[in-house]
>>> print(open('input.cif').read())   # mmCIF, C-alpha atoms and all ligand atoms
data_start
loop_
_atom_site.label_atom_id
_atom_site.label_comp_id
_atom_site.auth_asym_id
_atom_site.auth_seq_id
_atom_site.Cartn_x
_atom_site.Cartn_y
_atom_site.Cartn_z
CA MET A 10 45.72 26.39 9.21
CA ASN A 11 46.56 29.02 6.61
CA VAL A 12 46.74 28.26 2.88
CA ASN A 13 50.50 27.52 2.89
CA GLU A 14 50.21 25.22 5.87
CA ILE A 15 47.35 23.34 4.19
CA GLU A 16 49.42 22.97 1.00
CA ASN A 17 52.40 21.59 2.91
CA TYR A 18 50.20 19.23 4.88
CA ALA A 19 48.51 18.11 1.66
CA LYS A 20 51.89 17.03 0.24
CA LEU A 21 52.55 14.79 3.23
CA GLN A 22 49.03 13.57 4.01
CA PRO A 23 47.00 14.20 0.86
CA LEU A 24 43.81 12.44 1.98
CA SER A 25 43.79 13.93 5.47
CA ALA A 26 44.55 17.51 4.51
CA PRO A 27 41.70 19.97 5.07
CA TYR A 28 40.31 21.51 1.90
CA ALA A 29 39.00 25.00 1.22
CA LYS A 30 37.92 26.66 -2.00
CA GLY A 31 35.31 29.43 -2.02
CA LYS A 32 32.26 28.22 -0.11
CA VAL A 33 33.53 24.63 0.09
CA LYS A 34 35.32 23.77 3.33
CA LEU A 35 36.05 20.13 4.10
CA PRO A 36 37.93 18.56 7.02
CA ASN A 37 39.66 16.10 4.65
CA ARG A 38 39.58 14.88 1.03
CA VAL A 39 37.50 11.72 1.63
CA CYS A 40 34.02 11.64 0.10
CA PHE A 41 31.49 8.84 0.51
CA GLN A 42 29.75 8.72 -2.86
CA PRO A 43 25.98 8.44 -3.23
CA MET A 44 25.06 4.74 -2.98
CA GLU A 45 21.40 4.00 -3.33
CA GLY A 46 20.20 1.30 -0.95
CA CYS A 47 16.57 1.08 -2.20
CA ASP A 48 15.81 0.64 1.48
CA CYS A 49 13.80 3.69 2.55
CA MET A 50 10.22 3.54 3.80
CA GLU A 51 7.44 3.77 1.25
CA ASN A 52 6.97 7.43 2.21
CA GLY A 53 10.65 8.08 1.37
CA ALA A 54 11.93 8.38 4.96
CA PRO A 55 15.09 6.56 6.03
CA SER A 56 14.47 3.03 7.36
CA GLU A 57 16.62 1.19 9.91
CA LEU A 58 18.82 -0.09 7.09
CA THR A 59 19.24 3.40 5.67
CA VAL A 60 20.11 4.80 9.09
CA GLU A 61 22.63 2.00 9.66
CA LYS A 62 24.47 2.88 6.45
CA TYR A 63 24.61 6.62 7.21
CA VAL A 64 25.68 6.10 10.80
CA LYS A 65 28.61 4.10 9.41
CA ALA A 66 29.36 6.98 7.05
CA ALA A 67 29.37 9.37 10.02
CA LYS A 68 31.77 7.11 11.94
CA SER A 69 34.01 6.62 8.91
CA GLY A 70 35.80 9.95 9.17
CA ALA A 71 34.75 10.96 5.63
CA GLY A 72 34.75 14.76 5.38
CA LEU A 73 32.06 14.76 2.70
CA VAL A 74 29.02 12.47 2.71
CA TRP A 75 27.09 12.63 -0.54
CA PHE A 76 23.65 11.21 0.15
CA GLU A 77 22.10 8.85 -2.35
CA ALA A 78 19.57 9.63 -5.08
CA ASN A 79 16.57 11.37 -3.53
CA ALA A 80 13.51 11.74 -5.76
CA VAL A 81 12.05 15.24 -6.12
CA CYS A 82 8.58 13.82 -6.81
CA PRO A 83 6.83 10.44 -6.40
CA GLU A 84 6.57 9.73 -10.13
CA GLY A 85 10.35 10.27 -10.45
CA ARG A 86 11.20 7.43 -8.06
CA THR A 87 13.14 4.54 -9.48
CA ASN A 88 11.70 2.08 -6.97
CA PRO A 89 9.08 2.24 -4.20
CA ARG A 90 11.82 2.44 -1.57
CA GLN A 91 13.87 5.24 -3.08
CA MET A 92 14.73 8.08 -0.71
CA MET A 93 12.33 11.03 -0.98
CA LEU A 94 12.50 13.96 1.44
CA THR A 95 9.06 15.55 1.93
CA ARG A 96 7.45 17.98 4.37
CA GLU A 97 5.80 14.99 6.11
CA ASN A 98 8.98 12.97 6.70
CA LEU A 99 11.24 15.98 7.39
CA PRO A 100 11.53 15.15 11.15
CA GLU A 101 13.08 11.75 10.36
CA PHE A 102 15.70 13.35 8.10
CA LYS A 103 16.40 16.05 10.70
CA LYS A 104 17.02 13.41 13.33
CA LEU A 105 19.30 11.36 11.06
CA LEU A 106 21.43 14.37 10.18
CA SER A 107 21.64 15.61 13.72
CA ASP A 108 22.63 12.12 14.96
CA MET A 109 25.24 11.87 12.20
CA ARG A 110 26.76 15.22 13.20
CA SER A 111 27.05 14.14 16.84
CA ILE A 112 28.53 10.76 15.90
CA ALA A 113 31.06 12.29 13.48
CA ALA A 114 32.16 14.80 16.13
CA LYS A 115 32.40 12.21 18.90
CA GLU A 116 33.89 9.28 17.04
CA ALA A 117 35.89 10.84 14.20
CA GLY A 118 36.47 14.30 15.66
CA ILE A 119 35.24 16.10 12.54
CA SER A 120 32.34 18.13 11.23
CA PRO A 121 31.54 16.64 7.80
CA VAL A 122 29.68 18.27 4.93
CA PHE A 123 26.39 16.61 3.88
CA ILE A 124 25.04 16.90 0.33
CA LEU A 125 21.67 15.55 -0.81
CA GLN A 126 21.46 14.24 -4.37
CA LEU A 127 18.25 15.42 -6.07
CA THR A 128 16.98 13.31 -8.92
CA HIS A 129 14.18 12.41 -11.29
CA SER A 130 14.69 8.86 -12.57
CA GLY A 131 13.10 9.47 -15.98
CA ARG A 132 13.45 6.31 -18.07
CA GLN A 133 14.27 4.33 -14.92
CA SER A 134 11.21 5.52 -12.98
CA ILE A 135 8.74 2.86 -11.83
CA THR A 136 6.56 3.95 -14.74
CA PRO A 137 9.17 4.99 -17.33
CA MET A 138 9.15 8.67 -18.33
CA ILE A 139 11.46 9.02 -21.31
CA ALA A 140 12.89 12.11 -23.00
CA TYR A 141 12.87 10.61 -26.50
CA ARG A 142 13.00 7.23 -28.26
CA ASN A 143 16.53 5.89 -27.82
CA PRO A 144 17.10 2.60 -29.70
CA VAL A 145 20.35 1.93 -27.81
CA TYR A 146 18.66 1.97 -24.40
CA GLU A 147 15.52 0.31 -25.70
CA GLU A 148 17.41 -2.84 -26.74
CA ARG A 149 17.33 -3.78 -23.06
CA ARG A 150 14.17 -2.10 -21.81
CA PRO A 151 11.55 -1.55 -24.50
CA ALA A 152 9.64 1.74 -24.50
CA CYS A 153 6.87 3.37 -26.49
CA ASP A 154 5.91 6.88 -27.64
CA ASP A 155 3.34 7.23 -24.84
CA MET A 156 6.22 7.28 -22.35
CA ILE A 157 7.71 10.49 -23.77
CA VAL A 158 7.25 13.28 -21.21
CA THR A 159 5.60 16.46 -22.42
CA ASP A 160 7.27 19.89 -22.37
CA GLU A 161 4.49 21.02 -20.01
CA TYR A 162 5.44 18.30 -17.52
CA LEU A 163 9.12 19.20 -17.75
CA ASP A 164 8.25 22.87 -17.13
CA THR A 165 6.99 21.90 -13.66
CA LEU A 166 10.24 20.30 -12.49
CA PRO A 167 12.49 23.28 -11.59
CA ALA A 168 9.98 24.27 -8.88
CA LYS A 169 10.15 20.73 -7.49
CA TYR A 170 13.94 20.86 -7.32
CA ALA A 171 13.70 24.22 -5.56
CA GLU A 172 11.21 22.85 -3.04
CA SER A 173 13.43 19.81 -2.34
CA ALA A 174 16.39 22.15 -1.81
CA ARG A 175 14.36 24.22 0.70
CA LEU A 176 13.47 21.03 2.57
CA ALA A 177 17.11 19.93 2.46
CA ILE A 178 18.08 23.13 4.27
CA GLU A 179 15.46 22.48 6.96
CA ALA A 180 16.69 18.91 7.32
CA GLY A 181 20.23 20.14 7.99
CA PHE A 182 22.01 19.46 4.70
CA ASP A 183 24.87 21.76 3.69
CA GLY A 184 24.02 21.54 0.02
CA VAL A 185 22.23 19.73 -2.77
CA ASP A 186 23.33 18.02 -5.96
CA VAL A 187 21.22 18.76 -9.02
CA LYS A 188 22.04 15.41 -10.55
CA SER A 189 22.57 14.81 -14.24
CA CYS A 190 24.11 11.39 -14.62
CA HIS A 191 23.75 7.68 -15.25
CA GLY A 192 20.90 7.93 -17.77
CA TYR A 193 18.31 9.51 -15.46
CA LEU A 194 16.04 12.25 -16.78
CA PHE A 195 18.39 15.26 -16.88
CA GLN A 196 21.20 13.17 -18.36
CA GLU A 197 18.93 11.69 -21.00
CA LEU A 198 17.77 15.16 -21.97
CA LEU A 199 21.39 16.14 -22.69
CA SER A 200 21.29 13.75 -25.65
CA SER A 201 17.75 14.53 -26.78
CA PHE A 202 18.99 15.52 -30.25
CA THR A 203 15.93 13.96 -31.88
CA ARG A 204 13.29 15.41 -29.51
CA GLU A 205 11.03 18.14 -30.83
CA GLY A 206 10.13 21.28 -28.88
CA ARG A 207 11.77 23.36 -26.16
CA TYR A 208 13.80 20.51 -24.64
CA GLY A 209 15.24 18.85 -27.73
CA GLY A 210 17.55 19.49 -30.66
CA SER A 211 19.88 22.42 -29.95
CA PHE A 212 22.42 22.53 -27.12
CA GLU A 213 20.37 25.29 -25.45
CA ASN A 214 17.23 23.17 -25.54
CA ARG A 215 18.92 19.96 -24.36
CA THR A 216 20.51 21.68 -21.36
CA ARG A 217 17.50 23.90 -20.57
CA LEU A 218 15.85 21.85 -17.84
CA TYR A 219 19.10 21.07 -16.04
CA LEU A 220 20.15 24.72 -16.00
CA ASP A 221 16.65 26.02 -15.19
CA SER A 222 16.55 23.66 -12.21
CA ILE A 223 19.94 24.86 -10.99
CA ARG A 224 18.74 28.45 -11.31
CA ALA A 225 15.50 27.66 -9.47
CA VAL A 226 17.48 26.06 -6.63
CA LYS A 227 19.84 29.04 -6.55
CA ALA A 228 16.91 31.43 -6.18
CA ALA A 229 15.46 29.35 -3.33
CA VAL A 230 18.49 28.98 -1.05
CA PRO A 231 20.79 31.30 0.91
CA GLU A 232 24.16 32.33 -0.53
CA ASP A 233 26.24 29.97 1.62
CA PHE A 234 24.24 26.85 0.74
CA LEU A 235 26.26 24.59 -1.57
CA ILE A 236 24.84 23.94 -5.03
CA THR A 237 26.67 21.05 -6.60
CA THR A 238 26.16 18.59 -9.40
CA ARG A 239 27.02 15.02 -10.25
CA LEU A 240 27.46 14.94 -14.00
CA SER A 241 28.05 12.03 -16.37
CA VAL A 242 30.51 14.13 -18.36
CA SER A 243 29.96 11.60 -21.10
CA ASP A 244 27.64 8.61 -21.12
CA MET A 245 29.90 6.89 -23.68
CA VAL A 246 26.95 6.09 -25.92
CA LYS A 247 27.27 6.94 -29.62
CA LYS A 248 25.95 10.28 -30.82
CA PRO A 249 23.04 11.02 -31.45
CA TYR A 250 21.92 8.71 -28.62
CA GLY A 251 24.55 9.78 -26.13
CA PHE A 252 26.17 12.93 -24.72
CA GLY A 253 29.87 13.83 -24.87
CA THR A 254 30.64 11.37 -27.66
CA ASP A 255 31.13 11.33 -31.40
CA GLU A 256 29.35 9.11 -33.92
CA GLU A 257 31.85 6.30 -33.14
CA GLY A 258 31.06 6.47 -29.43
CA GLU A 259 34.46 7.98 -28.54
CA LEU A 260 34.75 10.69 -25.91
CA ASP A 261 34.21 14.18 -27.35
CA MET A 262 34.53 16.98 -24.80
CA THR A 263 33.15 19.78 -27.03
CA GLU A 264 29.65 19.90 -25.51
CA PRO A 265 30.66 18.81 -21.98
CA ASP A 266 33.17 21.68 -21.98
CA ARG A 267 30.52 24.16 -23.02
CA LEU A 268 28.15 22.84 -20.35
CA ILE A 269 30.73 22.73 -17.54
CA GLY A 270 31.72 26.32 -18.36
CA ILE A 271 28.09 27.37 -17.86
CA LEU A 272 27.81 25.33 -14.66
CA ALA A 273 30.86 27.11 -13.27
CA ASP A 274 29.44 30.51 -14.29
CA GLU A 275 26.12 29.62 -12.61
CA GLY A 276 27.96 29.16 -9.31
CA ILE A 277 28.11 25.36 -9.08
CA CYS A 278 30.86 24.84 -6.52
CA MET A 279 31.50 21.09 -6.64
CA LEU A 280 31.42 18.87 -9.69
CA ASN A 281 31.26 15.19 -8.86
CA VAL A 282 32.63 13.66 -12.05
CA THR A 283 31.14 10.43 -13.28
CA VAL A 284 30.95 8.70 -16.65
CA GLY A 285 28.68 6.23 -18.38
CA ASN A 286 25.25 4.79 -17.84
CA PRO A 287 25.16 1.79 -15.48
CA TYR A 288 22.05 0.40 -17.21
CA HIS A 289 23.86 0.29 -20.53
CA ASN A 290 27.64 0.17 -19.97
CA PRO A 291 28.12 -0.54 -16.23
CA HIS A 292 31.87 -1.23 -16.55
CA VAL A 293 32.37 2.43 -17.60
CA ASN A 294 30.89 3.79 -14.38
CA ARG A 295 32.14 1.00 -12.07
CA PRO A 296 35.41 -0.53 -13.27
CA TYR A 297 34.84 -4.22 -12.80
CA ARG A 298 37.00 -7.13 -11.66
CA GLN A 299 34.88 -10.27 -11.41
CA GLY A 300 31.30 -11.52 -11.85
CA GLY A 301 28.77 -12.59 -14.41
CA TYR A 302 29.82 -10.75 -17.57
CA THR A 303 32.93 -9.87 -19.55
CA PRO A 304 33.28 -6.13 -20.05
CA PRO A 305 34.27 -5.02 -23.56
CA GLU A 306 37.26 -3.04 -22.25
CA GLU A 307 40.07 -3.60 -19.75
CA ALA A 308 39.46 -1.98 -16.36
CA SER A 309 42.64 0.07 -16.92
CA VAL A 310 40.95 1.81 -19.88
CA GLY A 311 38.05 2.91 -17.69
CA LEU A 312 40.31 3.99 -14.84
CA GLU A 313 42.39 6.05 -17.22
CA ARG A 314 39.26 7.61 -18.75
CA PHE A 315 38.17 8.83 -15.31
CA GLU A 316 41.57 10.39 -14.70
CA THR A 317 41.74 12.06 -18.12
CA ILE A 318 38.32 13.66 -17.67
CA GLU A 319 38.88 14.71 -14.07
CA ARG A 320 42.27 16.25 -14.84
CA HIS A 321 40.74 18.11 -17.78
CA VAL A 322 37.89 19.51 -15.65
CA LYS A 323 40.21 20.49 -12.81
CA GLU A 324 42.68 22.23 -15.13
CA ASN A 325 40.07 24.11 -17.13
CA TYR A 326 37.51 25.12 -14.50
CA PRO A 327 39.51 26.28 -11.47
CA SER A 328 36.46 27.52 -9.54
CA LEU A 329 35.11 23.97 -9.29
CA THR A 330 35.98 21.49 -6.58
CA VAL A 331 36.39 18.24 -8.51
CA ILE A 332 35.36 14.95 -6.92
CA GLY A 333 36.91 11.83 -8.47
CA SER A 334 35.17 8.47 -8.93
CA GLY A 335 35.79 4.84 -9.74
CA LEU A 336 38.56 3.95 -7.30
CA SER A 337 36.97 1.00 -5.49
CA TYR A 338 38.58 -1.26 -8.09
CA TYR A 339 42.05 -0.69 -6.60
CA ARG A 340 41.57 -2.81 -3.45
CA ASP A 341 45.00 -3.12 -1.68
CA ASP A 342 46.25 -0.08 -3.50
CA LEU A 343 43.19 2.06 -2.67
CA ILE A 344 44.99 4.51 -0.41
CA GLY A 345 48.13 4.67 -2.57
CA GLN A 346 46.14 5.41 -5.74
CA SER A 347 44.00 7.99 -3.91
CA GLU A 348 47.08 9.81 -2.64
CA ARG A 349 48.69 9.70 -6.07
CA GLN A 350 45.61 11.23 -7.71
CA LEU A 351 45.58 14.05 -5.17
CA ARG A 352 49.31 14.67 -5.46
CA GLU A 353 49.13 14.72 -9.27
CA GLY A 354 46.22 17.17 -9.13
CA ILE A 355 43.80 14.88 -10.97
CA CYS A 356 40.97 15.82 -8.61
CA ASP A 357 40.51 17.69 -5.32
CA VAL A 358 38.61 15.10 -3.33
CA ILE A 359 38.42 11.32 -3.73
CA GLY A 360 34.94 9.81 -3.98
CA TYR A 361 34.49 6.26 -2.74
CA GLY A 362 31.49 4.26 -3.92
CA ARG A 363 31.39 0.48 -3.51
CA VAL A 364 34.23 0.39 -1.00
CA SER A 365 32.14 2.57 1.32
CA LEU A 366 29.64 -0.30 1.48
CA ALA A 367 32.21 -3.09 1.69
CA TYR A 368 34.56 -1.49 4.20
CA PRO A 369 33.17 1.76 5.63
CA MET A 370 36.01 2.15 8.14
CA PHE A 371 38.80 1.92 5.57
CA TYR A 372 39.93 5.53 6.00
CA ARG A 373 40.06 5.50 9.78
CA ASP A 374 41.83 2.13 9.67
CA SER A 375 44.39 3.66 7.29
CA LEU A 376 45.01 6.50 9.75
CA LYS A 377 45.75 3.92 12.44
CA GLY A 378 47.97 1.87 10.11
CA GLU A 379 45.36 -0.92 10.17
CA PHE A 380 44.05 -0.69 6.60
CA SER A 381 43.34 -4.15 5.16
CA GLY A 382 43.11 -4.75 1.42
CA LYS A 383 41.31 -8.02 2.24
CA LYS A 384 38.31 -6.06 3.52
CA CYS A 385 38.09 -3.92 0.37
CA CYS A 386 35.47 -4.14 -2.35
CA LEU A 387 36.01 -6.96 -4.87
CA ALA A 388 34.38 -4.96 -7.70
CA CYS A 389 32.07 -7.92 -8.25
CA SER A 390 28.71 -6.15 -8.96
CA LYS A 391 26.69 -8.17 -6.46
CA CYS A 392 25.37 -4.99 -4.80
CA THR A 393 24.10 -3.85 -8.21
CA LEU A 394 22.58 -7.26 -8.89
CA LEU A 395 20.65 -7.06 -5.62
CA MET A 396 19.29 -3.70 -6.70
CA ARG A 397 18.36 -4.96 -10.16
CA ALA A 398 16.56 -7.89 -8.51
CA GLY A 399 14.31 -5.37 -6.73
CA GLN A 400 15.94 -5.97 -3.33
CA VAL A 401 17.50 -3.61 -0.82
CA SER A 402 21.13 -3.14 -1.71
CA GLY A 403 24.38 -3.32 0.22
CA CYS A 404 27.63 -5.25 0.12
CA ALA A 405 26.75 -8.87 -0.62
CA VAL A 406 30.30 -10.02 0.14
CA PHE A 407 31.31 -8.42 3.44
CA ASN A 408 27.95 -7.71 5.09
CA GLU A 409 26.17 -10.81 6.34
CA TYR A 410 22.66 -9.41 5.95
CA TYR A 411 23.12 -8.64 2.24
CA ARG A 412 25.17 -11.80 1.66
CA GLU A 413 22.27 -13.95 2.85
CA LEU A 414 19.78 -11.85 0.88
CA TYR A 415 21.91 -12.28 -2.24
CA LYS A 416 22.03 -16.07 -1.76
CA ARG A 417 18.25 -16.22 -1.39
CA THR A 418 17.30 -13.87 -4.20
CA CYS A 419 20.05 -13.67 -6.82
CA MET A 420 21.91 -16.99 -6.94
CA ASN A 421 20.99 -19.54 -9.63
CA LYS A 422 18.82 -16.99 -11.43
C1 LIG B 1 24.66 -0.25 -5.52
C2 LIG B 1 25.05 1.07 -6.11
C3 LIG B 1 24.25 2.18 -5.89
C4 LIG B 1 24.60 3.42 -6.44
N1 LIG B 1 23.81 4.51 -6.21
C5 LIG B 1 24.13 5.72 -6.74
C6 LIG B 1 23.33 6.87 -6.49
O1 LIG B 1 22.33 6.84 -5.76
N2 LIG B 1 23.72 8.02 -7.10
C7 LIG B 1 24.84 8.12 -7.88
O2 LIG B 1 25.15 9.20 -8.40
N3 LIG B 1 25.62 7.05 -8.10
C8 LIG B 1 25.31 5.86 -7.53
N4 LIG B 1 26.14 4.79 -7.73
C9 LIG B 1 27.45 4.99 -8.40
C10 LIG B 1 28.54 5.23 -7.33
O3 LIG B 1 28.30 6.41 -6.61
C11 LIG B 1 29.96 5.30 -7.94
O4 LIG B 1 30.01 6.35 -8.86
C12 LIG B 1 30.38 4.01 -8.65
O5 LIG B 1 30.10 2.89 -7.85
C13 LIG B 1 31.88 4.05 -9.02
O6 LIG B 1 32.68 4.29 -7.89
P1 LIG B 1 33.43 3.11 -7.11
O7 LIG B 1 34.40 2.48 -8.06
O8 LIG B 1 34.09 3.74 -5.94
O9 LIG B 1 32.37 2.14 -6.71
C14 LIG B 1 25.79 3.53 -7.21
C15 LIG B 1 26.59 2.42 -7.42
C16 LIG B 1 26.25 1.20 -6.89
C17 LIG B 1 27.14 0.02 -7.13
S1 LIG B 2 28.95 -6.54 -3.45
FE1 LIG B 2 30.47 -5.68 -2.06
S2 LIG B 2 32.40 -6.44 -2.87
FE2 LIG B 2 30.91 -6.69 -4.52
S3 LIG B 2 31.01 -4.79 -5.75
FE3 LIG B 2 29.40 -4.49 -4.21
S4 LIG B 2 30.44 -3.48 -2.49
FE4 LIG B 2 32.02 -4.42 -3.77
#
>>> encode(input="input.cif", output="structure tokens", more="lines below")
Ligand SMILES: Cc1cc2nc3c(=O)[nH]c(=O)nc-3n(C[C@H](O)[C@H](O)[C@H](O)COP(=O)(O)O)c2cc1C
Ligand code: SF4
Amino acid sequence: MNVNEIENYAKLQPLSAPYAKGKVKLPNRVCFQPMEGCDCMENGAPSELTVEKYVKAAKSGAGLVWFEANAVCPEGRTNPRQMMLTRENLPEFKKLLSDMRSIAAKEAGISPVFILQLTHSGRQSITPMIAYRNPVYEERRPACDDMIVTDEYLDTLPAKYAESARLAIEAGFDGVDVKSCHGYLFQELLSSFTREGRYGGSFENRTRLYLDSIRAVKAAVPEDFLITTRLSVSDMVKKPYGFGTDEEGELDMTEPDRLIGILADEGICMLNVTVGNPYHNPHVNRPYRQGGYTPPEEASVGLERFETIERHVKENYPSLTVIGSGLSYYRDDLIGQSERQLREGICDVIGYGRVSLAYPMFYRDSLKGEFSGKKCCLACSKCTLLMRAGQVSGCAVFNEYYRELYKRTCMNK
């Protein structure tokens, strides 16, 4: 298809239209978002449960599969079963990706793009490694000065990101995500206003490690390899303990704009937009319908915030492919809202998080006219509660295995 044909097709079938911008070429606009299952082997290799989830992603027809958080080093793992690609377990990753490519071709008739999310969990690591003392975060999880990582330790990380990116190429990934979101190390550094030294205080210092890591990855990979990022454009935590906010905790795009401009100049091709910190304000990141707590804002406020930010990024940084988030809330209206966002130019590709666990075949069912709102995610947080309880995580409503696990481990606690 030429550009005009794609544009015409996109008006009629927005989700199914192929997408092309620069290096990014996707068979459709459906992205399975990174969803950590905490279910890998202790050495970081995919387990049977991990494989099961990614095989479903391959069958789903999604044109873009964004793999879950993958630690770049053992001390940066958030739990002992977090994904971690290493030289030793490379064959298992190679096999998974090769199987996924065959399955996607055979069952969905497409060749999807696979991105690996590279992360260091920082404050959320098994032994917390914090950027600075943050009283807002420490209300829930106390910390102490000994946990503050040294500049010398941070200096070692860009090389680790570069090495993970090299391994990702060998494993068969099309690109990596240098992740800065949800309160993990790089995101926390963005708000390290009160930290001393090379990684705190000024904008240049707070963004240094993130940008140095992107540059190290860039130097380690061939030109056509995709370097992407998932960014909490704002964590919606009051300045000086949050990024992209003012002293009242309202969204302030001044610094995010400056940062996104640099990311675009550095050659980042896809920006997977996210907001908030799920350990502090989970409703911001995952608009919420039912469950054990009452969020301080209506879901509509969070949904609108996503759209405002995504539209802003798409309008102002035309070189970036913008991935949208937070749509699992819509249930019956999932496809309608996705198509509307694409038609209105809010984002380029729709990212699906919780619904990809609850109802992995939703997109292919929609193509056949068999989409069922009843199978869609309830936005109930049980998958997150499983994770927080130290269990493997999946949909505790629609998947029997996780439903039983949830009953045994999370109910009446
Ligand atoms: C159980 C669970 C695991 C998640 N794991 C990740 C992850 O590994 N990396 C990431 O960037 N976001 C992760 N997220 C956030 C999702 O990718 C997504 O942004 C969020 O759920 C909002 O989208 P949704 O409304 O479609 O669910 C996770 C969310 C949940 C509920
Ligand atoms: S447990 Fe299932 S239904 Fe509930 S939020 Fe998670 S994916 Fe959705």
>>> closest_residue(input="input.cif", among="A:Arg132, A:Lys248, A:Arg417, A:Arg86", to="ligand LIG 1 (chain B)", atoms="only C-alpha atoms and all ligand atoms")
A:Arg86
>>> closest_residue(input="input.cif", among="A:Ala171, A:Leu260, A:Cys385, A:Ala140", to="Cys82 (chain A)", atoms="all atoms listed in the file")
A:Ala171
>>> closest_atom_pairs(input="input.cif", of="chain A", to="ligand LIG 1 (chain B)", cutoff="8 Å", atoms="all atoms listed in the file", output="JSON lines")
{"residue": "A:Gln42", "atom": "CA", "partner": "B:LIG1", "partner_atom": "O3", "distance": 4.6}
{"residue": "A:Pro43", "atom": "CA", "partner": "B:LIG1", "partner_atom": "C6", "distance": 4.5}
{"residue": "A:Met44", "atom": "CA", "partner": "B:LIG1", "partner_atom": "N1", "distance": 3.5}
{"residue": "A:Glu45", "atom": "CA", "partner": "B:LIG1", "partner_atom": "N1", "distance": 3.8}
{"residue": "A:Gly46", "atom": "CA", "partner": "B:LIG1", "partner_atom": "C3", "distance": 6.4}
{"residue": "A:Phe76", "atom": "CA", "partner": "B:LIG1", "partner_atom": "O1", "distance": 7.5}
{"residue": "A:Glu77", "atom": "CA", "partner": "B:LIG1", "partner_atom": "O1", "distance": 4.0}
{"residue": "A:Ala78", "atom": "CA", "partner": "B:LIG1", "partner_atom": "O1", "distance": 4.0}
{"residue": "A:Asn79", "atom": "CA", "partner": "B:LIG1", "partner_atom": "O1", "distance": 7.7}
{"residue": "A:Gln126", "atom": "CA", "partner": "B:LIG1", "partner_atom": "N2", "distance": 7.2}
{"residue": "A:Lys188", "atom": "CA", "partner": "B:LIG1", "partner_atom": "O2", "distance": 7.3}
{"residue": "A:Cys190", "atom": "CA", "partner": "B:LIG1", "partner_atom": "O2", "distance": 6.7}
{"residue": "A:His191", "atom": "CA", "partner": "B:LIG1", "partner_atom": "O2", "distance": 7.2}
{"residue": "A:Arg239", "atom": "CA", "partner": "B:LIG1", "partner_atom": "O2", "distance": 6.4}
{"residue": "A:Thr283", "atom": "CA", "partner": "B:LIG1", "partner_atom": "O4", "distance": 6.1}
{"residue": "A:Asn294", "atom": "CA", "partner": "B:LIG1", "partner_atom": "C13", "distance": 5.5}
{"residue": "A:Arg295", "atom": "CA", "partner": "B:LIG1", "partner_atom": "C13", "distance": 4.3}
{"residue": "A:Pro296", "atom": "CA", "partner": "B:LIG1", "partner_atom": "O7", "distance": 6.1}
{"residue": "A:Ser334", "atom": "CA", "partner": "B:LIG1", "partner_atom": "O6", "distance": 5.0}
{"residue": "A:Gly335", "atom": "CA", "partner": "B:LIG1", "partner_atom": "O7", "distance": 3.2}
{"residue": "A:Leu336", "atom": "CA", "partner": "B:LIG1", "partner_atom": "O7", "distance": 4.5}
{"residue": "A:Ser337", "atom": "CA", "partner": "B:LIG1", "partner_atom": "O7", "distance": 3.9}
{"residue": "A:Tyr338", "atom": "CA", "partner": "B:LIG1", "partner_atom": "O7", "distance": 5.6}
{"residue": "A:Gly360", "atom": "CA", "partner": "B:LIG1", "partner_atom": "O8", "distance": 6.4}
{"residue": "A:Tyr361", "atom": "CA", "partner": "B:LIG1", "partner_atom": "O8", "distance": 4.1}
{"residue": "A:Gly362", "atom": "CA", "partner": "B:LIG1", "partner_atom": "O8", "distance": 3.3}
{"residue": "A:Arg363", "atom": "CA", "partner": "B:LIG1", "partner_atom": "O9", "distance": 3.7}
{"residue": "A:Val364", "atom": "CA", "partner": "B:LIG1", "partner_atom": "O8", "distance": 6.0}
{"residue": "A:Ser365", "atom": "CA", "partner": "B:LIG1", "partner_atom": "O8", "distance": 7.6}
{"residue": "A:Ala388", "atom": "CA", "partner": "B:LIG1", "partner_atom": "O9", "distance": 7.4}
{"residue": "A:Ser390", "atom": "CA", "partner": "B:LIG1", "partner_atom": "C17", "distance": 6.6}
{"residue": "A:Cys392", "atom": "CA", "partner": "B:LIG1", "partner_atom": "C1", "distance": 4.8}
{"residue": "A:Thr393", "atom": "CA", "partner": "B:LIG1", "partner_atom": "C1", "distance": 4.5}
{"residue": "A:Leu395", "atom": "CA", "partner": "B:LIG1", "partner_atom": "C1", "distance": 7.9}
{"residue": "A:Met396", "atom": "CA", "partner": "B:LIG1", "partner_atom": "C1", "distance": 6.5}
{"residue": "A:Ser402", "atom": "CA", "partner": "B:LIG1", "partner_atom": "C1", "distance": 5.9}
{"residue": "A:Gly403", "atom": "CA", "partner": "B:LIG1", "partner_atom": "C1", "distance": 6.5}
>>> closest_residue(input="input.cif", among="A:Pro231, A:Gly345, A:Pro89, A:Pro137", to="Asp48 (chain A)", atoms="all atoms listed in the file")
A:Pro89
>>> residues_around(input="input.cif", residues="Asp108 (chain A)", least_positions_apart="4", cutoff="10 Å", atoms="only C-alpha atoms", output="list in words")
Val60, Tyr63, Val64, Ala67, Phe102, Lys103, Lys104, Ile112, Ala113 and Ala114 of chain A
>>> closest_residue(input="input.cif", among="A:Ser375, A:Thr237, A:Pro100, A:Glu307", to="Thr330 (chain A)", atoms="all atoms listed in the file")
A:Thr237
>>> closest_residue(input="input.cif", among="A:Phe380, A:Thr128, A:Val331, A:Gly301", to="ligand LIG 2 (chain B)", atoms="all atoms listed in the file")
A:Gly301
>>> residues_around(input="input.cif", residues="Gly192 (chain A)", least_positions_apart="6", cutoff="9 Å", atoms="all atoms listed in the file", output="ChimeraX atom specification")
/A:130-133,198,241,244,285-289
